[in-house]
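Engineer: Here you go, this is protein_9.txt (compact mmCIF, C-alpha atoms and all ligand atoms).
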```txt
# COMPACT_ATOMS: atom_id res chain seq x y z
CA MET A 1 145.29 57.96 22.69
CA PHE A 2 142.02 57.77 20.75
CA LYS A 3 142.39 58.31 17.02
CA PRO A 4 139.14 59.16 15.21
CA THR A 5 138.11 57.51 11.97
CA PRO A 6 135.31 58.65 9.62
CA ASN A 7 133.02 56.02 11.15
CA ARG A 8 134.05 56.43 14.79
CA LEU A 9 134.52 59.99 15.98
CA LEU A 10 134.63 59.22 19.69
CA PRO A 11 135.04 56.18 21.94
CA ASP A 12 131.82 54.57 23.14
CA LEU A 13 130.77 56.49 26.26
CA THR A 14 128.74 55.50 29.28
CA PRO A 15 126.10 58.05 30.43
CA ARG A 16 128.41 59.08 33.31
CA GLU A 17 131.26 59.69 30.86
CA GLU A 18 128.98 61.74 28.61
CA LEU A 19 128.01 63.94 31.58
CA VAL A 20 131.65 64.43 32.62
CA LEU A 21 132.67 65.46 29.11
CA LEU A 22 129.76 67.90 28.83
CA ALA A 23 130.77 69.56 32.11
CA ARG A 24 134.43 69.84 31.12
CA ILE A 25 133.65 71.14 27.62
CA LEU A 26 131.21 73.77 28.88
CA TRP A 27 133.66 74.93 31.55
CA ARG A 28 135.96 75.97 28.68
CA GLU A 29 133.05 77.66 26.89
CA GLY A 30 132.53 80.09 29.77
CA TYR A 31 130.32 78.04 32.07
CA ASP A 32 132.95 78.34 34.77
CA ASP A 33 131.57 80.06 37.85
CA ARG A 34 133.65 78.07 40.35
CA LEU A 35 131.49 75.60 42.26
CA ALA A 36 128.25 76.76 40.63
CA GLY A 37 126.59 74.70 37.96
CA HIS A 38 124.71 71.45 37.78
CA ILE A 39 123.70 69.01 35.09
CA THR A 40 120.96 66.39 35.42
CA TYR A 41 120.73 63.50 32.95
CA LYS A 42 117.53 61.44 33.12
CA GLN A 43 117.97 57.68 32.87
CA ALA A 44 115.56 54.99 31.70
CA ASP A 45 114.57 54.07 35.28
CA GLY A 46 113.52 57.65 36.09
CA THR A 47 116.59 58.46 38.21
CA PHE A 48 119.06 61.20 37.32
CA LEU A 49 122.82 61.27 37.01
CA THR A 50 124.28 64.55 38.26
CA ASN A 51 127.53 66.22 39.25
CA PRO A 52 127.96 66.51 43.02
CA TRP A 53 128.47 69.49 45.28
CA ASN A 54 132.11 70.49 46.01
CA ILE A 55 133.62 69.34 42.70
CA THR A 56 134.22 71.86 39.88
CA TRP A 57 133.23 71.03 36.31
CA ALA A 58 136.90 71.29 35.29
CA GLU A 59 137.99 68.37 37.48
CA LEU A 60 134.89 66.14 37.48
CA THR A 61 135.44 62.42 36.88
CA SER A 62 132.87 59.73 36.19
CA ASP A 63 133.36 57.99 39.56
CA GLN A 64 132.24 61.22 41.27
CA VAL A 65 128.96 61.39 39.35
CA ILE A 66 126.07 60.55 41.67
CA ARG A 67 122.58 59.21 40.99
CA ILE A 68 119.56 60.91 42.58
CA ASP A 69 115.80 60.37 42.56
CA ILE A 70 113.12 62.93 41.63
CA GLU A 71 113.08 64.18 45.23
CA GLY A 72 116.81 64.88 45.16
CA ARG A 73 117.84 61.96 47.38
CA VAL A 74 121.19 60.33 46.60
CA VAL A 75 120.56 56.72 45.58
CA GLU A 76 124.06 55.93 44.31
CA GLY A 77 127.44 57.51 45.00
CA ASP A 78 129.46 58.96 47.86
CA TRP A 79 129.25 62.69 47.22
CA PRO A 80 126.57 65.15 48.42
CA VAL A 81 123.90 66.49 46.09
CA HIS A 82 124.39 69.99 44.68
CA LYS A 83 122.56 72.74 46.58
CA GLY A 84 120.82 74.12 43.51
CA ILE A 85 119.34 70.83 42.35
CA PRO A 86 115.71 71.73 43.27
CA LEU A 87 115.54 73.88 40.11
CA HIS A 88 116.30 70.82 37.97
CA LEU A 89 113.84 68.62 39.81
CA GLU A 90 111.04 71.15 39.32
CA VAL A 91 111.84 71.38 35.58
CA HIS A 92 111.93 67.59 35.22
CA LYS A 93 108.63 67.24 37.11
CA ARG A 94 106.94 69.60 34.63
CA ARG A 95 108.73 68.56 31.45
CA GLU A 96 108.76 64.90 30.39
CA ASP A 97 110.57 65.94 27.19
CA VAL A 98 113.64 67.19 29.07
CA VAL A 99 116.31 64.48 29.30
CA VAL A 100 119.27 66.73 30.10
CA ALA A 101 119.06 70.02 32.03
CA MET A 102 122.03 72.30 32.68
CA HIS A 103 122.32 75.37 34.89
CA ASN A 104 125.30 77.64 35.43
CA HIS A 105 126.31 81.31 35.53
CA PRO A 106 128.21 81.69 32.23
CA ARG A 107 130.27 84.79 31.53
CA TYR A 108 128.12 86.40 28.84
CA GLY A 109 124.75 84.76 29.42
CA THR A 110 124.72 86.10 32.96
CA ILE A 111 125.35 89.66 31.71
CA TRP A 112 122.18 89.57 29.59
CA ALA A 113 120.28 87.92 32.45
CA ASP A 114 121.46 90.75 34.72
CA ALA A 115 120.36 93.33 32.13
CA GLY A 116 116.98 91.64 31.89
CA LYS A 117 117.14 91.55 28.08
CA LEU A 118 117.10 88.88 25.38
CA PRO A 119 120.24 89.25 23.22
CA PRO A 120 119.66 90.01 19.51
CA VAL A 121 120.84 87.32 17.05
CA PHE A 122 123.58 88.53 14.73
CA ASP A 123 125.06 85.32 13.31
CA GLN A 124 124.41 81.66 12.51
CA SER A 125 126.64 80.37 15.31
CA SER A 126 124.24 81.98 17.76
CA LEU A 127 121.35 79.89 16.42
CA ILE A 128 122.87 76.52 15.70
CA GLY A 129 121.44 74.77 18.75
CA GLY A 130 117.85 75.79 18.06
CA GLY A 131 115.31 76.09 20.85
CA GLU A 132 113.22 78.86 22.37
CA LEU A 133 114.93 81.30 24.75
CA ALA A 134 112.86 82.82 27.56
CA LEU A 135 113.57 85.55 30.07
CA VAL A 136 112.59 84.67 33.64
CA GLU A 137 112.39 88.01 35.39
CA VAL A 138 111.84 86.83 38.95
CA TYR A 139 114.75 86.46 41.36
CA GLU A 140 114.07 85.64 44.98
CA GLY A 141 117.50 84.48 46.09
CA GLY A 142 118.83 81.38 44.36
CA VAL A 143 117.04 78.18 43.47
CA SER A 144 117.93 76.00 46.46
CA ALA A 145 114.49 76.39 48.04
CA GLN A 146 111.84 74.16 46.49
CA GLN A 147 109.18 76.91 46.36
CA VAL A 148 111.46 79.39 44.58
CA ALA A 149 112.69 76.69 42.19
CA ALA A 150 109.10 75.73 41.34
CA GLU A 151 108.23 79.32 40.48
CA VAL A 152 111.28 79.68 38.19
CA ALA A 153 110.40 76.38 36.45
CA ARG A 154 106.80 77.54 36.03
CA LEU A 155 107.87 80.85 34.50
CA MET A 156 110.26 79.05 32.15
CA GLY A 157 107.24 77.19 30.78
CA LYS A 158 107.88 75.33 27.54
CA ALA A 159 111.08 77.23 26.69
CA ASP A 160 114.23 75.21 25.97
CA MET A 161 116.59 77.83 27.39
CA ALA A 162 116.16 80.64 29.86
CA LEU A 163 118.03 83.66 31.12
CA LEU A 164 117.33 83.80 34.86
CA ALA A 165 117.32 87.40 36.10
CA ASN A 166 120.10 88.34 38.53
CA HIS A 167 121.37 84.77 38.39
CA GLY A 168 122.41 82.76 35.27
CA VAL A 169 120.98 80.45 32.62
CA MET A 170 119.12 77.17 32.18
CA VAL A 171 119.50 75.01 29.05
CA CYS A 172 117.42 71.89 28.36
CA GLY A 173 117.37 69.24 25.65
CA THR A 174 116.75 65.65 24.70
CA SER A 175 120.40 64.58 24.90
CA ILE A 176 123.89 65.54 26.05
CA ARG A 177 124.62 66.47 22.42
CA ALA A 178 121.62 68.83 22.25
CA VAL A 179 122.47 70.63 25.49
CA HIS A 180 126.09 71.01 24.40
CA GLN A 181 125.04 72.53 21.09
CA ARG A 182 122.48 74.84 22.67
CA ALA A 183 124.73 75.98 25.52
CA VAL A 184 127.57 76.84 23.13
CA ALA A 185 125.19 78.68 20.79
CA LEU A 186 123.58 80.59 23.67
CA GLU A 187 126.90 81.79 25.06
CA THR A 188 128.04 82.72 21.53
CA ARG A 189 124.82 84.69 21.02
CA CYS A 190 125.25 86.53 24.31
CA ARG A 191 128.93 87.31 23.69
CA ASN A 192 128.56 88.43 20.09
CA ALA A 193 125.41 90.45 20.77
CA LEU A 194 127.20 92.33 23.54
CA HIS A 195 130.14 93.17 21.31
CA VAL A 196 128.08 94.10 18.24
CA THR A 197 125.80 96.25 20.38
CA MET A 198 128.84 98.01 21.87
CA LEU A 199 129.99 98.79 18.32
CA GLY A 200 126.71 100.57 17.71
CA GLY A 201 124.64 97.65 16.48
CA GLY A 202 124.42 95.49 13.37
CA LYS A 203 122.03 93.66 11.12
CA GLU A 204 120.15 90.91 12.90
CA VAL A 205 119.69 87.53 11.24
CA ASP A 206 116.52 87.68 9.14
CA ARG A 207 113.46 86.76 11.19
CA SER A 208 112.43 83.99 8.76
CA VAL A 209 115.84 82.31 9.22
CA GLN A 210 115.60 82.64 13.00
CA ASP A 211 112.12 81.10 12.93
CA ARG A 212 113.43 78.14 10.93
CA MET A 213 116.52 77.53 13.05
CA VAL A 214 114.72 77.83 16.37
CA LYS A 215 113.00 74.54 15.48
CA PHE A 216 116.32 72.63 15.59
CA ASP A 217 116.36 70.20 18.49
CA GLY A 218 120.13 70.42 18.97
CA ASN A 219 120.86 66.90 17.72
CA GLU A 220 121.42 67.84 14.08
CA TRP A 221 125.14 68.51 14.02
CA ILE A 222 126.98 65.25 14.44
CA GLY A 223 130.64 65.94 15.08
CA PHE A 224 130.49 69.10 17.20
CA PHE A 225 130.22 67.32 20.54
CA GLU A 226 132.61 64.61 19.40
CA GLY A 227 135.26 67.14 18.35
CA MET A 228 135.16 69.04 21.62
CA ALA A 229 135.12 65.79 23.60
CA ARG A 230 138.24 64.55 21.77
CA LEU A 231 140.09 67.73 22.74
CA GLU A 232 139.22 67.11 26.39
CA LEU A 233 140.53 63.54 26.16
CA ALA A 234 143.72 64.76 24.49
CA ARG A 235 144.25 67.38 27.23
CA ASP A 236 143.79 64.95 30.11
CA PRO A 237 145.36 61.51 29.66
CA ALA A 238 143.97 60.39 33.03
CA LEU A 239 140.46 61.20 31.83
CA ALA A 240 141.07 59.33 28.58
CA ALA A 241 142.41 56.36 30.52
CA SER A 242 139.23 56.29 32.62
CA ILE A 243 136.96 55.83 29.58
CA GLU A 244 135.77 52.23 29.83
CA SER A 245 135.82 51.49 26.11
CA LEU A 246 139.44 52.70 25.84
CA ARG A 247 140.74 50.41 28.55
CA THR A 248 142.77 47.47 27.46
CA PRO A 249 140.75 44.35 28.27
CA LEU A 250 142.37 42.17 30.90
CA ALA A 251 143.99 39.07 29.49
CA ALA A 252 142.00 35.92 30.16
CA ALA A 253 143.45 33.85 32.99
ZN ZN A 301 122.83 79.20 40.05
```
Would you mind writing the file's structure down as structure tokens?
Structural biologist:
Amino acid sequence: MFKPTPNRLLPDLTPREELVLLARILWREGYDDRLAGHITYKQADGTFLTNPWNITWAELTSDQVIRIDIEGRVVEGDWPVHKGIPLHLEVHKRREDVVVAMHNHPRYGTIWADAGKLPPVFDQSSLIGGGELALVEVYEGGVSAQQVAAEVARLMGKADMALLANHGVMVCGTSIRAVHQRAVALETRCRNALHVTMLGGGKEVDRSVQDRMVKFDGNEWIGFFEGMARLELARDPALAASIESLRTPLAAA
């Protein structure tokens, strides 16, 4: 069992372990549309770690994470590539700044995407990840086809997050931490905006505050990702036991 200290909030994680924890955490935050959902995590050599097709985010383990190239070919791992990965590849081709990209059909984000509206911002928790949110109003039947994926990526432009009409959401950032923060804030914004609007409306966060917070890159709040990751490790001893830095080193022969 990992016990945090003020100087060490989480065990040292490999990139694969970071990706697994992001998937499991976001599943609990409402990014839980069964087999849907993919995360790509760009590595220094230009390849991408990603979750495979046929494994849910709730059960993903680091040995199931595959490595693909920019054309979507599996270069490491046994599992097949996710069907919706062309959307990620088109975003990565256009956006050097994007290190981590995440797509899913979250419970509240998808409602606003279906409505074709950007949710108003009523509280600070809805803004804490920063980033621009765009509405992509074109839907031509999923993002598995390269041509359709390219058009969605083009319409997303320089935005950090997007509501994809009749489909779901896309969240991008420079790290696993940033995408976690932004994805949680986006789903909070969509959920709270729906409820406040159903109550007849409320006072939106002042525009000057929104303009300031939108500039956050998602990496500001050390401790949020670590806290949620610790809960995942506490819930699943097998997952905790798989973390390389938590394994007991083998005794020297
Ligand atoms: Zn999708």
Engineer: In terms of the shortest atom-to-atom distance over all atoms listed in the file, which of A:Val148, A:Val169, A:Leu49, A:Val81 is closest to ligand ZN 301 (chain A)?
Structural biologist: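 Looking only at the distances to ligand ZN 301 (chain A), the closest residue turns out to be A:Val169.
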Engineer: Can you pull out every residue within 10 Å of Gly227 of chain A, counting only C-alpha atoms, but drop anything in the same chain fewer than 6 positions away, and send it as an mmCIF file with C-alpha atoms, in the coordinates of the input?
Structural biologist:
```
data_model
loop_
_atom_site.group_PDB
_atom_site.id
_atom_site.type_symbol
_atom_site.label_atom_id
_atom_site.label_comp_id
_atom_site.auth_asym_id
_atom_site.auth_seq_id
_atom_site.Cartn_x
_atom_site.Cartn_y
_atom_site.Cartn_z
ATOM 1 C CA PRO A 4 139.140 59.160 15.210
ATOM 2 C CA LEU A 9 134.520 59.990 15.980
ATOM 3 C CA LEU A 10 134.630 59.220 19.690
#
```
Engineer: Please identify the residues whose atoms come within 12 Å of ligand ZN 301 (chain A), using all atoms listed in the file, and report them as a tab-separated table (two decimals) with C-alpha atoms, in the coordinates of the input.
Structural biologist:
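Listed below is the output, selection15.tsv:
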```tsv
chain	number	residue	atom	x	y	z
A	31	TYR	CA	130.32	78.04	32.07
A	32	ASP	CA	132.95	78.34	34.77
A	33	ASP	CA	131.57	80.06	37.85
A	34	ARG	CA	133.65	78.07	40.35
A	35	LEU	CA	131.49	75.60	42.26
A	36	ALA	CA	128.25	76.76	40.63
A	37	GLY	CA	126.59	74.70	37.96
A	38	HIS	CA	124.71	71.45	37.78
A	39	ILE	CA	123.70	69.01	35.09
A	82	HIS	CA	124.39	69.99	44.68
A	83	LYS	CA	122.56	72.74	46.58
A	84	GLY	CA	120.82	74.12	43.51
A	85	ILE	CA	119.34	70.83	42.35
A	86	PRO	CA	115.71	71.73	43.27
A	87	LEU	CA	115.54	73.88	40.11
A	88	HIS	CA	116.30	70.82	37.97
A	102	MET	CA	122.03	72.30	32.68
A	103	HIS	CA	122.32	75.37	34.89
A	104	ASN	CA	125.30	77.64	35.43
A	105	HIS	CA	126.31	81.31	35.53
A	106	PRO	CA	128.21	81.69	32.23
A	110	THR	CA	124.72	86.10	32.96
A	113	ALA	CA	120.28	87.92	32.45
A	139	TYR	CA	114.75	86.46	41.36
A	140	GLU	CA	114.07	85.64	44.98
A	141	GLY	CA	117.50	84.48	46.09
A	142	GLY	CA	118.83	81.38	44.36
A	143	VAL	CA	117.04	78.18	43.47
A	144	SER	CA	117.93	76.00	46.46
A	145	ALA	CA	114.49	76.39	48.04
A	149	ALA	CA	112.69	76.69	42.19
A	152	VAL	CA	111.28	79.68	38.19
A	163	LEU	CA	118.03	83.66	31.12
A	164	LEU	CA	117.33	83.80	34.86
A	165	ALA	CA	117.32	87.40	36.10
A	166	ASN	CA	120.10	88.34	38.53
A	167	HIS	CA	121.37	84.77	38.39
A	168	GLY	CA	122.41	82.76	35.27
A	169	VAL	CA	120.98	80.45	32.62
A	170	MET	CA	119.12	77.17	32.18
```
Engineer: Within 6 Å of Phe48 of chain A, counting all atoms listed in the file, which residues qualify if same-chain residues fewer than 5 places away don't, as a VMD selection string?
Structural biologist: chain A and resid 40 to 43 67 to 68
Engineer: Can I get the selection written as a compact mmCIF listing (two decimals), in the coordinates of the input, with C-alpha atoms?
Structural biologist:
```txt
# COMPACT_ATOMS: atom_id res chain seq x y z
CA THR A 40 120.96 66.39 35.42
CA TYR A 41 120.73 63.50 32.95
CA LYS A 42 117.53 61.44 33.12
CA GLN A 43 117.97 57.68 32.87
CA ARG A 67 122.58 59.21 40.99
CA ILE A 68 119.56 60.91 42.58
```
Engineer: My list of candidates is A:Glu226, A:Asp123, A:Glu18, A:Glu96. Which is closest to Ala185 of chain A when distances are computed with all atoms listed in the file?
Structural biologist: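 The closest residue to Ala185 of chain A is A:Asp123.
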